[in-house]
>>> print(open('query-v1.cif').read())   # mmCIF, N, CA and C atoms
data_structure
#
loop_
_atom_site.label_atom_id
_atom_site.label_comp_id
_atom_site.auth_asym_id
_atom_site.auth_seq_id
_atom_site.Cartn_x
_atom_site.Cartn_y
_atom_site.Cartn_z
N MET A 1 0.86 -1.17 0.00
CA MET A 1 0.00 0.00 0.00
C MET A 1 0.91 1.23 0.00
N ASN A 2 0.70 2.15 -0.95
CA ASN A 2 1.57 3.30 -0.98
C ASN A 2 1.25 4.24 0.17
N ARG A 3 2.17 5.15 0.44
CA ARG A 3 2.07 6.03 1.60
C ARG A 3 0.81 6.90 1.57
N THR A 4 0.44 7.41 0.40
CA THR A 4 -0.74 8.25 0.28
C THR A 4 -2.00 7.47 0.62
N ILE A 5 -2.11 6.26 0.10
CA ILE A 5 -3.28 5.43 0.40
C ILE A 5 -3.31 5.08 1.88
N ALA A 6 -2.17 4.74 2.43
CA ALA A 6 -2.12 4.41 3.86
C ALA A 6 -2.53 5.61 4.71
N LYS A 7 -2.03 6.80 4.35
CA LYS A 7 -2.40 8.00 5.10
C LYS A 7 -3.89 8.26 5.00
N SER A 8 -4.44 8.08 3.83
CA SER A 8 -5.86 8.32 3.63
C SER A 8 -6.70 7.36 4.43
N PHE A 9 -6.31 6.10 4.44
CA PHE A 9 -7.05 5.11 5.21
C PHE A 9 -7.02 5.47 6.69
N VAL A 10 -5.85 5.84 7.17
CA VAL A 10 -5.71 6.14 8.59
C VAL A 10 -6.52 7.38 8.96
N LEU A 11 -6.44 8.43 8.15
CA LEU A 11 -7.22 9.62 8.45
C LEU A 11 -8.70 9.29 8.39
N GLY A 12 -9.09 8.45 7.45
CA GLY A 12 -10.48 8.03 7.39
C GLY A 12 -10.92 7.31 8.66
N CYS A 13 -9.99 6.59 9.26
CA CYS A 13 -10.30 5.88 10.50
C CYS A 13 -10.61 6.83 11.64
N VAL A 14 -10.12 8.07 11.55
CA VAL A 14 -10.44 9.06 12.57
C VAL A 14 -11.95 9.19 12.67
N ILE A 15 -12.63 9.03 11.54
CA ILE A 15 -14.07 9.13 11.49
C ILE A 15 -14.71 8.22 12.52
N VAL A 16 -14.11 7.05 12.66
CA VAL A 16 -14.75 6.03 13.48
C VAL A 16 -13.95 5.63 14.69
N ALA A 17 -12.88 6.25 14.93
CA ALA A 17 -12.01 5.86 16.01
C ALA A 17 -12.71 5.87 17.36
N ALA A 18 -13.63 6.76 17.50
CA ALA A 18 -14.34 6.92 18.75
C ALA A 18 -15.01 5.64 19.19
N ALA A 19 -15.22 4.78 18.28
CA ALA A 19 -15.98 3.59 18.53
C ALA A 19 -15.51 2.79 19.73
N PHE A 20 -14.24 2.72 19.97
CA PHE A 20 -13.74 1.89 21.04
C PHE A 20 -13.91 2.50 22.41
N ALA A 21 -14.28 3.76 22.47
CA ALA A 21 -14.47 4.42 23.76
C ALA A 21 -15.91 4.36 24.23
N VAL A 22 -16.80 3.84 23.41
CA VAL A 22 -18.21 3.81 23.74
C VAL A 22 -18.51 2.71 24.74
N GLU A 23 -19.22 3.08 25.82
CA GLU A 23 -19.65 2.06 26.77
C GLU A 23 -20.82 1.30 26.17
N ARG A 24 -20.81 0.00 26.39
CA ARG A 24 -21.87 -0.82 25.82
C ARG A 24 -22.82 -1.29 26.92
N PRO A 25 -24.10 -1.30 26.62
CA PRO A 25 -25.07 -1.77 27.61
C PRO A 25 -24.82 -3.23 27.96
N SER A 26 -25.06 -3.59 29.20
CA SER A 26 -24.85 -4.97 29.63
C SER A 26 -26.10 -5.82 29.46
N HIS A 27 -27.23 -5.20 29.26
CA HIS A 27 -28.48 -5.94 29.11
C HIS A 27 -29.22 -5.44 27.88
N ALA A 28 -29.90 -6.35 27.21
CA ALA A 28 -30.61 -6.02 25.97
C ALA A 28 -31.67 -4.94 26.18
N GLU A 29 -32.27 -4.87 27.38
CA GLU A 29 -33.34 -3.92 27.62
C GLU A 29 -32.83 -2.51 27.91
N GLU A 30 -31.53 -2.33 27.97
CA GLU A 30 -30.97 -1.00 28.20
C GLU A 30 -31.01 -0.19 26.91
N ALA A 31 -30.57 1.04 26.99
CA ALA A 31 -30.60 1.95 25.84
C ALA A 31 -29.91 1.34 24.63
N PRO A 32 -30.39 1.67 23.44
CA PRO A 32 -29.75 1.15 22.23
C PRO A 32 -28.32 1.67 22.10
N THR A 33 -27.50 0.89 21.46
CA THR A 33 -26.11 1.27 21.23
C THR A 33 -26.04 2.47 20.29
N LEU A 34 -24.90 3.12 20.29
CA LEU A 34 -24.66 4.19 19.33
C LEU A 34 -24.77 3.62 17.92
N TYR A 35 -24.30 2.41 17.73
CA TYR A 35 -24.41 1.72 16.44
C TYR A 35 -25.87 1.74 15.94
N ALA A 36 -26.80 1.35 16.80
CA ALA A 36 -28.22 1.33 16.42
C ALA A 36 -28.74 2.74 16.18
N ARG A 37 -28.34 3.67 17.03
CA ARG A 37 -28.83 5.05 16.91
C ARG A 37 -28.28 5.76 15.68
N LEU A 38 -27.18 5.25 15.13
CA LEU A 38 -26.62 5.83 13.90
C LEU A 38 -27.17 5.14 12.65
N GLY A 39 -28.05 4.19 12.84
CA GLY A 39 -28.68 3.52 11.69
C GLY A 39 -28.09 2.17 11.36
N SER A 40 -27.37 1.58 12.31
CA SER A 40 -26.75 0.26 12.13
C SER A 40 -25.83 0.30 10.91
N TRP A 41 -25.57 -0.86 10.31
CA TRP A 41 -24.58 -0.95 9.23
C TRP A 41 -24.85 0.03 8.09
N ASP A 42 -26.10 0.03 7.59
CA ASP A 42 -26.41 0.87 6.43
C ASP A 42 -26.27 2.35 6.75
N GLY A 43 -26.75 2.75 7.91
CA GLY A 43 -26.63 4.16 8.30
C GLY A 43 -25.18 4.59 8.48
N ILE A 44 -24.41 3.74 9.12
CA ILE A 44 -22.99 4.05 9.32
C ILE A 44 -22.27 4.10 7.98
N HIS A 45 -22.60 3.18 7.08
CA HIS A 45 -21.97 3.20 5.76
C HIS A 45 -22.27 4.51 5.02
N ARG A 46 -23.51 4.99 5.11
CA ARG A 46 -23.85 6.27 4.47
C ARG A 46 -23.06 7.42 5.11
N ILE A 47 -22.95 7.42 6.43
CA ILE A 47 -22.20 8.46 7.13
C ILE A 47 -20.73 8.43 6.70
N VAL A 48 -20.15 7.25 6.67
CA VAL A 48 -18.75 7.10 6.27
C VAL A 48 -18.55 7.56 4.83
N THR A 49 -19.41 7.13 3.94
CA THR A 49 -19.30 7.51 2.53
C THR A 49 -19.40 9.03 2.37
N ASP A 50 -20.34 9.63 3.07
CA ASP A 50 -20.49 11.09 3.01
C ASP A 50 -19.28 11.79 3.62
N THR A 51 -18.73 11.24 4.69
CA THR A 51 -17.55 11.84 5.30
C THR A 51 -16.35 11.80 4.35
N ILE A 52 -16.14 10.66 3.70
CA ILE A 52 -15.04 10.54 2.75
C ILE A 52 -15.23 11.55 1.62
N ALA A 53 -16.44 11.70 1.14
CA ALA A 53 -16.72 12.70 0.09
C ALA A 53 -16.41 14.10 0.60
N ASN A 54 -16.77 14.37 1.84
CA ASN A 54 -16.45 15.68 2.44
C ASN A 54 -14.94 15.89 2.50
N HIS A 55 -14.22 14.86 2.93
CA HIS A 55 -12.76 14.96 3.00
C HIS A 55 -12.16 15.24 1.63
N GLN A 56 -12.67 14.55 0.61
CA GLN A 56 -12.14 14.71 -0.75
C GLN A 56 -12.39 16.10 -1.31
N LYS A 57 -13.42 16.79 -0.80
CA LYS A 57 -13.73 18.15 -1.26
C LYS A 57 -13.12 19.22 -0.36
N ASN A 58 -12.58 18.82 0.79
CA ASN A 58 -12.06 19.76 1.76
C ASN A 58 -10.63 20.14 1.36
N PRO A 59 -10.40 21.38 0.94
CA PRO A 59 -9.07 21.74 0.44
C PRO A 59 -7.95 21.56 1.46
N ALA A 60 -8.27 21.60 2.72
CA ALA A 60 -7.24 21.46 3.75
C ALA A 60 -6.73 20.03 3.90
N ILE A 61 -7.57 19.04 3.60
CA ILE A 61 -7.16 17.65 3.83
C ILE A 61 -7.37 16.75 2.62
N ALA A 62 -7.85 17.29 1.52
CA ALA A 62 -8.14 16.48 0.33
C ALA A 62 -6.91 15.72 -0.16
N HIS A 63 -5.72 16.27 0.04
CA HIS A 63 -4.50 15.61 -0.46
C HIS A 63 -4.29 14.24 0.18
N TYR A 64 -4.82 14.01 1.35
CA TYR A 64 -4.71 12.69 1.98
C TYR A 64 -5.56 11.64 1.25
N PHE A 65 -6.50 12.10 0.45
CA PHE A 65 -7.46 11.21 -0.21
C PHE A 65 -7.35 11.21 -1.73
N ALA A 66 -6.33 11.87 -2.25
CA ALA A 66 -6.20 12.09 -3.69
C ALA A 66 -6.15 10.79 -4.50
N GLU A 67 -5.45 9.79 -4.01
CA GLU A 67 -5.29 8.56 -4.78
C GLU A 67 -5.88 7.35 -4.06
N VAL A 68 -6.95 7.58 -3.38
CA VAL A 68 -7.58 6.54 -2.57
C VAL A 68 -8.75 5.91 -3.31
N ASP A 69 -8.88 4.62 -3.17
CA ASP A 69 -10.06 3.91 -3.64
C ASP A 69 -11.14 4.15 -2.57
N ALA A 70 -12.03 5.10 -2.85
CA ALA A 70 -13.03 5.51 -1.86
C ALA A 70 -13.93 4.36 -1.43
N ASN A 71 -14.25 3.45 -2.33
CA ASN A 71 -15.11 2.31 -1.98
C ASN A 71 -14.41 1.37 -1.00
N LYS A 72 -13.14 1.11 -1.26
CA LYS A 72 -12.38 0.24 -0.36
C LYS A 72 -12.20 0.91 1.00
N LEU A 73 -11.88 2.20 0.98
CA LEU A 73 -11.73 2.94 2.23
C LEU A 73 -13.04 2.92 3.01
N ALA A 74 -14.15 3.16 2.33
CA ALA A 74 -15.45 3.16 3.00
C ALA A 74 -15.76 1.81 3.63
N ALA A 75 -15.41 0.73 2.95
CA ALA A 75 -15.66 -0.61 3.50
C ALA A 75 -14.87 -0.81 4.79
N HIS A 76 -13.59 -0.42 4.78
CA HIS A 76 -12.76 -0.58 5.98
C HIS A 76 -13.25 0.30 7.12
N VAL A 77 -13.53 1.55 6.81
CA VAL A 77 -13.94 2.49 7.86
C VAL A 77 -15.31 2.13 8.41
N THR A 78 -16.20 1.68 7.54
CA THR A 78 -17.52 1.26 8.02
C THR A 78 -17.39 0.09 9.00
N ALA A 79 -16.56 -0.88 8.67
CA ALA A 79 -16.35 -2.02 9.58
C ALA A 79 -15.79 -1.55 10.91
N PHE A 80 -14.83 -0.63 10.86
CA PHE A 80 -14.22 -0.09 12.08
C PHE A 80 -15.26 0.65 12.92
N PHE A 81 -15.99 1.53 12.28
CA PHE A 81 -16.98 2.35 12.96
C PHE A 81 -18.10 1.48 13.54
N ALA A 82 -18.57 0.52 12.76
CA ALA A 82 -19.64 -0.37 13.21
C ALA A 82 -19.21 -1.17 14.44
N ALA A 83 -18.02 -1.70 14.40
CA ALA A 83 -17.54 -2.50 15.52
C ALA A 83 -17.39 -1.66 16.78
N GLY A 84 -16.89 -0.47 16.62
CA GLY A 84 -16.61 0.37 17.78
C GLY A 84 -17.80 1.07 18.38
N THR A 85 -18.91 1.07 17.69
CA THR A 85 -20.10 1.75 18.22
C THR A 85 -21.13 0.76 18.76
N GLY A 86 -20.72 -0.48 18.89
CA GLY A 86 -21.60 -1.47 19.49
C GLY A 86 -22.20 -2.47 18.53
N GLY A 87 -21.77 -2.45 17.28
CA GLY A 87 -22.28 -3.39 16.29
C GLY A 87 -21.70 -4.77 16.46
N PRO A 88 -22.20 -5.72 15.70
CA PRO A 88 -21.78 -7.12 15.84
C PRO A 88 -20.43 -7.43 15.17
N ASN A 89 -19.89 -6.48 14.43
CA ASN A 89 -18.66 -6.72 13.68
C ASN A 89 -17.42 -6.60 14.55
N LYS A 90 -16.34 -7.24 14.12
CA LYS A 90 -15.05 -7.11 14.79
C LYS A 90 -14.13 -6.33 13.86
N TYR A 91 -13.34 -5.45 14.46
CA TYR A 91 -12.32 -4.73 13.70
C TYR A 91 -10.97 -5.14 14.25
N GLU A 92 -10.09 -5.54 13.37
CA GLU A 92 -8.80 -6.03 13.80
C GLU A 92 -7.65 -5.22 13.22
N GLY A 93 -7.90 -3.96 12.88
CA GLY A 93 -6.89 -3.10 12.31
C GLY A 93 -5.96 -2.52 13.37
N ARG A 94 -5.11 -1.62 12.93
CA ARG A 94 -4.13 -1.01 13.82
C ARG A 94 -4.77 -0.02 14.78
N ASP A 95 -4.07 0.23 15.90
CA ASP A 95 -4.53 1.23 16.86
C ASP A 95 -4.28 2.63 16.29
N MET A 96 -4.90 3.62 16.89
CA MET A 96 -4.84 4.98 16.37
C MET A 96 -3.42 5.56 16.36
N THR A 97 -2.65 5.30 17.39
CA THR A 97 -1.30 5.86 17.46
C THR A 97 -0.42 5.33 16.34
N SER A 98 -0.36 4.01 16.19
CA SER A 98 0.50 3.46 15.14
C SER A 98 -0.04 3.76 13.75
N ALA A 99 -1.35 3.82 13.61
CA ALA A 99 -1.96 4.08 12.30
C ALA A 99 -1.69 5.50 11.80
N HIS A 100 -1.52 6.45 12.72
CA HIS A 100 -1.32 7.84 12.33
C HIS A 100 0.12 8.31 12.51
N ALA A 101 1.00 7.44 12.95
CA ALA A 101 2.36 7.83 13.33
C ALA A 101 3.13 8.58 12.25
N ASP A 102 3.01 8.19 11.01
CA ASP A 102 3.81 8.80 9.93
C ASP A 102 3.07 9.86 9.13
N MET A 103 1.91 10.25 9.56
CA MET A 103 1.11 11.16 8.76
C MET A 103 1.50 12.62 8.91
N GLY A 104 2.00 12.99 10.05
CA GLY A 104 2.35 14.39 10.25
C GLY A 104 1.13 15.30 10.26
N LEU A 105 0.05 14.84 10.83
CA LEU A 105 -1.17 15.64 10.90
C LEU A 105 -1.00 16.81 11.85
N SER A 106 -1.62 17.91 11.49
CA SER A 106 -1.66 19.06 12.39
C SER A 106 -2.97 19.03 13.16
N ASN A 107 -3.05 19.81 14.21
CA ASN A 107 -4.31 19.93 14.92
C ASN A 107 -5.39 20.48 14.00
N ASP A 108 -5.02 21.36 13.08
CA ASP A 108 -5.98 21.89 12.13
C ASP A 108 -6.51 20.78 11.21
N ASP A 109 -5.63 19.87 10.76
CA ASP A 109 -6.07 18.73 9.94
C ASP A 109 -7.10 17.91 10.72
N PHE A 110 -6.79 17.65 11.96
CA PHE A 110 -7.69 16.87 12.81
C PHE A 110 -9.04 17.59 12.93
N ASP A 111 -9.00 18.89 13.21
CA ASP A 111 -10.24 19.66 13.35
C ASP A 111 -11.06 19.64 12.06
N LYS A 112 -10.40 19.73 10.92
CA LYS A 112 -11.09 19.71 9.64
C LYS A 112 -11.75 18.35 9.40
N ALA A 113 -11.04 17.28 9.77
CA ALA A 113 -11.60 15.94 9.60
C ALA A 113 -12.83 15.75 10.48
N VAL A 114 -12.76 16.21 11.72
CA VAL A 114 -13.91 16.11 12.63
C VAL A 114 -15.08 16.92 12.09
N ALA A 115 -14.80 18.12 11.59
CA ALA A 115 -15.87 18.96 11.03
C ALA A 115 -16.56 18.24 9.88
N ASP A 116 -15.78 17.55 9.06
CA ASP A 116 -16.36 16.79 7.95
C ASP A 116 -17.26 15.66 8.45
N VAL A 117 -16.87 15.02 9.53
CA VAL A 117 -17.71 13.97 10.13
C VAL A 117 -19.03 14.57 10.59
N LEU A 118 -18.96 15.70 11.27
CA LEU A 118 -20.17 16.34 11.79
C LEU A 118 -21.10 16.77 10.65
N LEU A 119 -20.53 17.24 9.55
CA LEU A 119 -21.36 17.56 8.37
C LEU A 119 -22.07 16.33 7.84
N ALA A 120 -21.37 15.21 7.81
CA ALA A 120 -21.98 13.96 7.34
C ALA A 120 -23.09 13.50 8.28
N LEU A 121 -22.87 13.66 9.57
CA LEU A 121 -23.91 13.31 10.54
C LEU A 121 -25.15 14.18 10.31
N ASP A 122 -24.94 15.48 10.11
CA ASP A 122 -26.06 16.39 9.82
C ASP A 122 -26.81 15.94 8.57
N LYS A 123 -26.07 15.67 7.51
CA LYS A 123 -26.68 15.26 6.24
C LYS A 123 -27.55 14.02 6.41
N ASN A 124 -27.15 13.15 7.33
CA ASN A 124 -27.87 11.90 7.54
C ASN A 124 -28.92 11.98 8.64
N GLY A 125 -29.22 13.19 9.09
CA GLY A 125 -30.29 13.38 10.06
C GLY A 125 -30.02 12.83 11.44
N ILE A 126 -28.76 12.75 11.81
CA ILE A 126 -28.39 12.22 13.12
C ILE A 126 -28.68 13.28 14.18
N GLY A 127 -29.25 12.85 15.29
CA GLY A 127 -29.65 13.76 16.35
C GLY A 127 -28.48 14.41 17.08
N ASP A 128 -28.80 15.47 17.79
CA ASP A 128 -27.78 16.23 18.52
C ASP A 128 -27.06 15.39 19.57
N ALA A 129 -27.78 14.53 20.27
CA ALA A 129 -27.14 13.70 21.30
C ALA A 129 -26.08 12.79 20.69
N GLU A 130 -26.41 12.18 19.56
CA GLU A 130 -25.46 11.28 18.90
C GLU A 130 -24.28 12.05 18.32
N LYS A 131 -24.56 13.23 17.73
CA LYS A 131 -23.47 14.06 17.20
C LYS A 131 -22.52 14.46 18.31
N SER A 132 -23.07 14.82 19.44
CA SER A 132 -22.24 15.19 20.59
C SER A 132 -21.40 14.01 21.07
N GLU A 133 -22.01 12.84 21.10
CA GLU A 133 -21.29 11.63 21.50
C GLU A 133 -20.12 11.34 20.57
N VAL A 134 -20.38 11.41 19.27
CA VAL A 134 -19.34 11.15 18.29
C VAL A 134 -18.23 12.20 18.41
N ALA A 135 -18.61 13.47 18.52
CA ALA A 135 -17.61 14.54 18.63
C ALA A 135 -16.75 14.37 19.88
N THR A 136 -17.36 14.01 20.99
CA THR A 136 -16.62 13.80 22.23
C THR A 136 -15.65 12.63 22.10
N ILE A 137 -16.11 11.57 21.49
CA ILE A 137 -15.25 10.41 21.30
C ILE A 137 -14.07 10.75 20.38
N LEU A 138 -14.37 11.44 19.28
CA LEU A 138 -13.29 11.82 18.37
C LEU A 138 -12.27 12.72 19.08
N GLU A 139 -12.76 13.67 19.85
CA GLU A 139 -11.83 14.55 20.57
C GLU A 139 -10.99 13.77 21.57
N SER A 140 -11.56 12.75 22.18
CA SER A 140 -10.79 11.93 23.14
C SER A 140 -9.66 11.18 22.45
N LEU A 141 -9.76 11.02 21.14
CA LEU A 141 -8.73 10.32 20.38
C LEU A 141 -7.63 11.24 19.86
N ARG A 142 -7.81 12.54 20.01
CA ARG A 142 -6.82 13.48 19.50
C ARG A 142 -5.40 13.14 19.95
N PRO A 143 -5.15 12.89 21.24
CA PRO A 143 -3.77 12.59 21.65
C PRO A 143 -3.18 11.38 20.94
N ALA A 144 -3.96 10.33 20.76
CA ALA A 144 -3.47 9.14 20.08
C ALA A 144 -3.20 9.42 18.61
N VAL A 145 -4.12 10.10 17.97
CA VAL A 145 -3.99 10.42 16.54
C VAL A 145 -2.81 11.36 16.30
N MET A 146 -2.65 12.32 17.19
CA MET A 146 -1.60 13.33 17.02
C MET A 146 -0.24 12.84 17.55
N GLY A 147 -0.22 11.68 18.20
CA GLY A 147 1.02 11.15 18.71
C GLY A 147 1.53 11.85 19.96
N THR A 148 0.58 12.42 20.73
CA THR A 148 0.96 13.14 21.94
C THR A 148 0.50 12.43 23.20
N GLY A 149 0.18 11.16 23.06
CA GLY A 149 -0.27 10.38 24.20
C GLY A 149 -1.39 9.47 23.79
N GLY A 150 -2.03 8.87 24.77
CA GLY A 150 -3.21 8.10 24.49
C GLY A 150 -2.97 6.67 24.25
#
>>> encode(input="query-v1.cif", output="structure tokens")
Amino acid sequence: MNRTIAKSFVLGCVIVAAAFAVERPSHAEEAPTLYARLGSWDGIHRIVTDTIANHQKNPAIAHYFAEVDANKLAAHVTAFFAAGTGGPNKYEGRDMTSAHADMGLSNDDFDKAVADVLLALDKNGIGDAEKSEVATILESLRPAVMGTGG
């Protein structure tokens, strides 16, 4: 995998990185998972696809996605996001720190990527509570993504 594709995949994973920080209900009768509230597999796939499109149009970070197979990236990121938000899938990819280690992302790049995620959530009619949850989770991953801890 060339460096540009690897960088794009990793930045795309920022979209869903929050997934592993989500607490999961211990009983079926408890509140639905974030996975369910985001529309399960199909809803998450739409959010991921829209986020990647946003990234590709965002002049600040589009270069990370210039030579990426968007369909392949969407499949990987959807699996990651679905698994981490309480879905039945398993994700066995790299952790955030090692995945972003060679990217040289700035805090501004990170902020732009998160803004693109929030735009995709809006486009897909996701409620304020879920948007806040996703934003909080993404922000909690900043140290790992930026290589400053985590």
>>> residues_around(input="query-v1.cif", residues="Glu92 in chain A", least_positions_apart="2", cutoff="12 Å", atoms="only C-alpha atoms", output="PyMOL selection string")
chain A and resi 20+76-77+79-81+83-84+89-90+94-96
>>> atom_distance(input="query-v1.cif", atom1="atom C of Val117 in chain A", atom2="atom C of Val48 in chain A")
9.1 Å
>>> closest_residue(input="query-v1.cif", among="A:Glu130, A:Asp111, A:Asp69, A:Asp122", to="Ile52 in chain A", atoms="only C-alpha atoms")
A:Asp69
>>> select_by_dssp(input="query-v1.cif", residues="range 67-124 of chain A", states="helix (DSSP H, G or I)", output="ChimeraX atom specification")
/A:70-84,96-100,107-123
>>> atom_distance(input="query-v1.cif", atom1="atom N of Thr97 in chain A", atom2="atom N of Lys123 in chain A")
27.5 Å
>>> atom_distance(input="query-v1.cif", atom1="CA of Gly43 in chain A", atom2="CA of Asn107 in chain A")
28.1 Å
>>> residues_around(input="query-v1.cif", residues="Ala120 in chain A", least_positions_apart="4", cutoff="6 Å", atoms="all atoms listed in the file", output="ChimeraX atom specification")
/A:47,50-51,116,124
>>> closest_residue(input="query-v1.cif", among="A:Lys131, A:Lys112, A:His45, A:His100", to="Gly147 in chain A", atoms="all atoms listed in the file")
A:His100
>>> closest_residue(input="query-v1.cif", among="A:Lys57, A:Arg37, A:Lys72, A:Arg46", to="Gly127 in chain A", atoms="all atoms listed in the file")
A:Arg37
>>> closest_residue(input="query-v1.cif", among="A:Trp41, A:Tyr91, A:Tyr35, A:Phe65", to="Glu133 in chain A", atoms="only C-alpha atoms")
A:Tyr35
>>> residues_around(input="query-v1.cif", residues="Leu34 in chain A", least_positions_apart="6", cutoff="7 Å", atoms="all atoms listed in the file", output="PyMOL selection string")
chain A and resi 40+85-87
>>> axis_aligned_box(input="query-v1.cif", around="range 120-132 of chain A", padding_each_side="3 Å", output="AutoDock Vina command-line options")
--center_x -25.8 --center_y 13.8 --center_z 13.8 --size_x 14.9 --size_y 11.1 --size_z 21.1
>>> resolve_selection(input="query-v1.cif", expression="the PyMOL selection byres ((chain A and resi 144) around 8)", output="ChimeraX atom specification")
/A:95-101,139-143,145-150
